[in-house]
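Working notes, structure below.
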Amino acid sequence: MLRIHFTAQDFARIRFAPRPAPLQELHAALATAVAHRGGPLFAPWRGRVLRSLPAVTGALADLVPAGRPPSFLDVLGETMGDGFERIRATRPGLVRSELVRVYGAAPAPRWIHGLHAGDETAWRTLHRAQQAAYETVLAPVWSVVQDLHREEFTRYALAAAEHGVADTLTGLAPGCRLHEGVWEWPDAAPARDVRLDGRGLVLLPTFHHPAGPLLQDTPGRPAVLTYPAGPGLPPTPERPVEALAAVLGRTRLDALRLLAEPHTTTSLACALDVSNATASSHAAALRSAGMATTTRTGRTVTHRRTALGTLIAGGGAP
């Protein structure tokens, strides 16, 4: 269980990252690929990513020999360049202590020793690895990630305005709760207690890490909670129709593609040649998966697919 301890000052310093952070999203994506997280929609993406990563990205694997990356990688930045500059600005003492923690007494590659010593060539090795991984994994879908982040930002802002911060925090994921100033995530691993002590907390949604929160707790910085937003993003713009139909079902896939344009329940039912109840059921399933939205105006209910739904459907109308 993850337990985050708030003070009154920390509650006043909760903020939602206004834009996605490329390095954080990249690290979440690589963790998902290597750890085989996610459902069937991730499988084709995972295979493609692991096959296509260039050799230069192997340096990133060197930094997580036991699955626990050094904390100095945990930075926010609106561009890859900004993120790397923040990493490079880490105090040398923290870089050394984190590399010692990660490797312990185990032998480390030569370039890791260079990083420990502050060698510029080693830092360039890290920079090249991150940039190459970004170009392979995130660049093709970054505009979609930005759209999804805006949707999540708006959803959080509206929920906080209507229900308050405490209720909004507990609504970020099933099972988490806030009790006497302690925010608990029961399914998070490893078990840990983190005290904010006035540093505040930044909330950052991720669309590549569907299996629990990631907490970055770096001394002297606000803690950053990277949490899975919705079911996660299957980040492959081109997806064969038959593979999608096997996962969603043919009629539900047709509904998803039709919802490139807004449809009432009745018009969706007519287009699919099903009953209104069946069309409503398909729309509800797509909505619960984050692929569609439903709005009500008077007695009229209108459905339309989200940015995630557009990505899964391949961006086209039927």
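Chain labels A, B, ... are given in the sequence in which chains occur in the structure tokens; within each chain residues are numbered consecutively from 1, and ligands are likewise numbered from 1 in the order shown.
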Selection: 10 Å around A:Gly81, only C-alpha atoms, excl. self and same-chain fewer than 2 positions, as a PyMOL selection string:
chain A and resi 22-23+77-79+83-87+127+131
Atoms to include: N, CA and C atoms. Write the selected residues as a compact mmCIF listing (two decimals), in the first residue's frame.
# COMPACT_ATOMS: atom_id res chain seq x y z
N PRO A 22 7.03 14.81 -21.26
CA PRO A 22 7.50 13.75 -22.17
C PRO A 22 8.37 12.69 -21.49
N LEU A 23 9.29 13.11 -20.61
CA LEU A 23 10.17 12.13 -19.99
C LEU A 23 9.39 11.21 -19.05
N GLY A 77 8.98 18.39 -17.18
CA GLY A 77 9.48 19.29 -18.21
C GLY A 77 8.55 19.21 -19.40
N GLU A 78 8.27 20.33 -20.03
CA GLU A 78 7.29 20.34 -21.11
C GLU A 78 7.85 19.87 -22.43
N THR A 79 9.19 19.77 -22.53
CA THR A 79 9.83 19.23 -23.73
C THR A 79 10.90 18.25 -23.29
N GLY A 83 13.30 18.61 -19.98
CA GLY A 83 13.41 17.53 -19.00
C GLY A 83 14.85 17.12 -18.78
N PHE A 84 15.62 16.98 -19.87
CA PHE A 84 17.00 16.56 -19.70
C PHE A 84 17.82 17.62 -18.97
N GLU A 85 17.56 18.89 -19.25
CA GLU A 85 18.28 19.95 -18.54
C GLU A 85 18.03 19.86 -17.04
N ARG A 86 16.81 19.51 -16.66
CA ARG A 86 16.50 19.38 -15.23
C ARG A 86 17.23 18.18 -14.63
N ILE A 87 17.31 17.09 -15.39
CA ILE A 87 18.07 15.94 -14.91
C ILE A 87 19.54 16.31 -14.75
N HIS A 127 21.45 11.19 -22.68
CA HIS A 127 20.61 12.08 -23.49
C HIS A 127 20.25 11.42 -24.82
N GLN A 131 16.41 10.43 -26.09
CA GLN A 131 15.87 11.03 -27.30
C GLN A 131 15.48 9.96 -28.32
List the spatial neighbours of A:Leu60 as a compact mmCIF listing (two decimals) with N, CA and C atoms, in the first residue's frame - criterion: any atom at most 10 Å away, only C-alpha atoms, same-chain residues fewer than 4 positions off excluded.
# COMPACT_ATOMS: atom_id res chain seq x y z
N HIS A 27 9.08 7.18 -19.55
CA HIS A 27 9.46 6.20 -18.55
C HIS A 27 8.29 5.26 -18.23
N LEU A 30 7.97 2.79 -21.20
CA LEU A 30 9.01 1.76 -21.20
C LEU A 30 8.77 0.75 -20.08
N VAL A 56 20.98 2.12 -29.12
CA VAL A 56 21.46 3.18 -28.24
C VAL A 56 20.59 3.32 -26.99
N VAL A 64 18.19 0.73 -14.71
CA VAL A 64 17.18 0.05 -13.88
C VAL A 64 17.52 -1.44 -13.78
N PRO A 65 18.68 -1.78 -13.25
CA PRO A 65 19.07 -3.20 -13.21
C PRO A 65 18.14 -4.07 -12.38
N PRO A 69 14.41 2.67 -10.86
CA PRO A 69 15.27 3.69 -11.46
C PRO A 69 15.75 4.69 -10.43
N THR A 125 25.54 10.12 -23.38
CA THR A 125 25.01 8.78 -23.63
C THR A 125 23.57 8.68 -23.15
N LEU A 126 23.30 9.20 -21.95
CA LEU A 126 21.93 9.18 -21.42
C LEU A 126 21.00 10.01 -22.29
N HIS A 127 21.45 11.19 -22.68
CA HIS A 127 20.61 12.08 -23.49
C HIS A 127 20.25 11.42 -24.82
N ARG A 128 21.22 10.82 -25.50
CA ARG A 128 20.96 10.15 -26.78
C ARG A 128 19.97 9.00 -26.60
N ALA A 129 20.12 8.25 -25.53
CA ALA A 129 19.23 7.12 -25.29
C ALA A 129 17.79 7.59 -25.08
N GLN A 130 17.61 8.63 -24.27
CA GLN A 130 16.26 9.14 -24.03
C GLN A 130 15.64 9.69 -25.31
N ALA A 133 14.63 6.85 -27.69
CA ALA A 133 13.45 6.15 -27.20
C ALA A 133 12.19 6.98 -27.42
Distance criterion (only C-alpha atoms): nearest to A:Glu135 out of A:Ala108, A:Ala160, A:Pro54, A:Thr302:
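Smallest distance to A:Glu135 is found for A:Pro54.
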Write out as JSON, numbers by chain each polymer residue whose atoms come within 7 Å of A:His303, counting only C-alpha atoms; drop sequence neighbours fewer than 3 positions from it.
{"A": [259, 262, 263, 264, 292, 293, 294, 295]}
Residue contacts of A:Ala284 (12 Å, only C-alpha atoms) excluding same-chain residues fewer than 2 positions away, as a PyMOL selection string
chain A and resi 252+255-256+265+277-282+286-295+301-305
Skipping near chain neighbours, those fewer than 6 positions away, what residues fall within 6 Å of A:Leu201 using only C-alpha atoms, listed as a list in words?
Ile14, Pro222, Ala223 and Val224 of chain A
Next, write the just-selected residues to a file, as a tab-separated table (two decimals), in the first residue's frame, keeping all heavy atoms as the atom set.
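Once written, part.tsv looks like this:
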chain	number	residue	atom	x	y	z
A	14	ILE	N	-1.49	21.27	-3.67
A	14	ILE	CA	-1.78	20.26	-4.68
A	14	ILE	C	-2.03	20.98	-6.01
A	14	ILE	O	-2.80	21.93	-6.07
A	14	ILE	CB	-3.02	19.44	-4.30
A	14	ILE	CG1	-2.77	18.64	-3.03
A	14	ILE	CG2	-3.40	18.49	-5.44
A	14	ILE	CD1	-4.00	17.94	-2.51
A	222	PRO	N	8.67	19.11	-4.84
A	222	PRO	CA	7.32	18.57	-4.64
A	222	PRO	C	7.26	17.12	-5.12
A	222	PRO	O	7.91	16.77	-6.12
A	222	PRO	CB	6.44	19.48	-5.51
A	222	PRO	CG	7.23	20.73	-5.69
A	222	PRO	CD	8.68	20.31	-5.69
A	223	ALA	N	6.54	16.29	-4.41
A	223	ALA	CA	6.35	14.91	-4.88
A	223	ALA	C	5.48	14.94	-6.13
A	223	ALA	O	4.64	15.83	-6.30
A	223	ALA	CB	5.71	14.07	-3.79
A	224	VAL	N	5.69	13.96	-7.01
A	224	VAL	CA	4.90	13.87	-8.24
A	224	VAL	C	4.24	12.50	-8.27
A	224	VAL	O	4.92	11.47	-8.22
A	224	VAL	CB	5.78	14.06	-9.49
A	224	VAL	CG1	4.93	13.92	-10.76
A	224	VAL	CG2	6.49	15.40	-9.46
Between A:Leu225, A:Val144, A:Val95, A:Ala271, single out the one closest to A:Gly118, counting only C-alpha atoms.
A:Val95
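For the residues A:Leu76, A:Ala33, A:Leu172, A:Leu253, ranking by smallest atom-to-atom distance to A:Trp185 using only C-alpha atoms places A:Leu172 first.
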Under the rule that only C-alpha atoms are counted, which of A:Leu215, A:Leu63, A:Val137, A:Leu203 is the nearest residue to A:Ala29?
A:Val137
Spatial neighbours of A:Gly212, 8 Å, only C-alpha atoms, chain gap at least 6 places, as an MDAnalysis selection string:
chainID A and resid 187:188 227:228
Work out how far atom CA of A:Gly309 is from atom CA of A:Pro44, in Å to one decimal.
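Between atom CA of A:Pro44 and atom CA of A:Gly309 the gap works out to 17.1 Å.
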When you count only C-alpha atoms, which of these residues is closest to A:Arg88: A:Arg19, A:Arg124, A:Arg68, A:Arg101?
A:Arg124
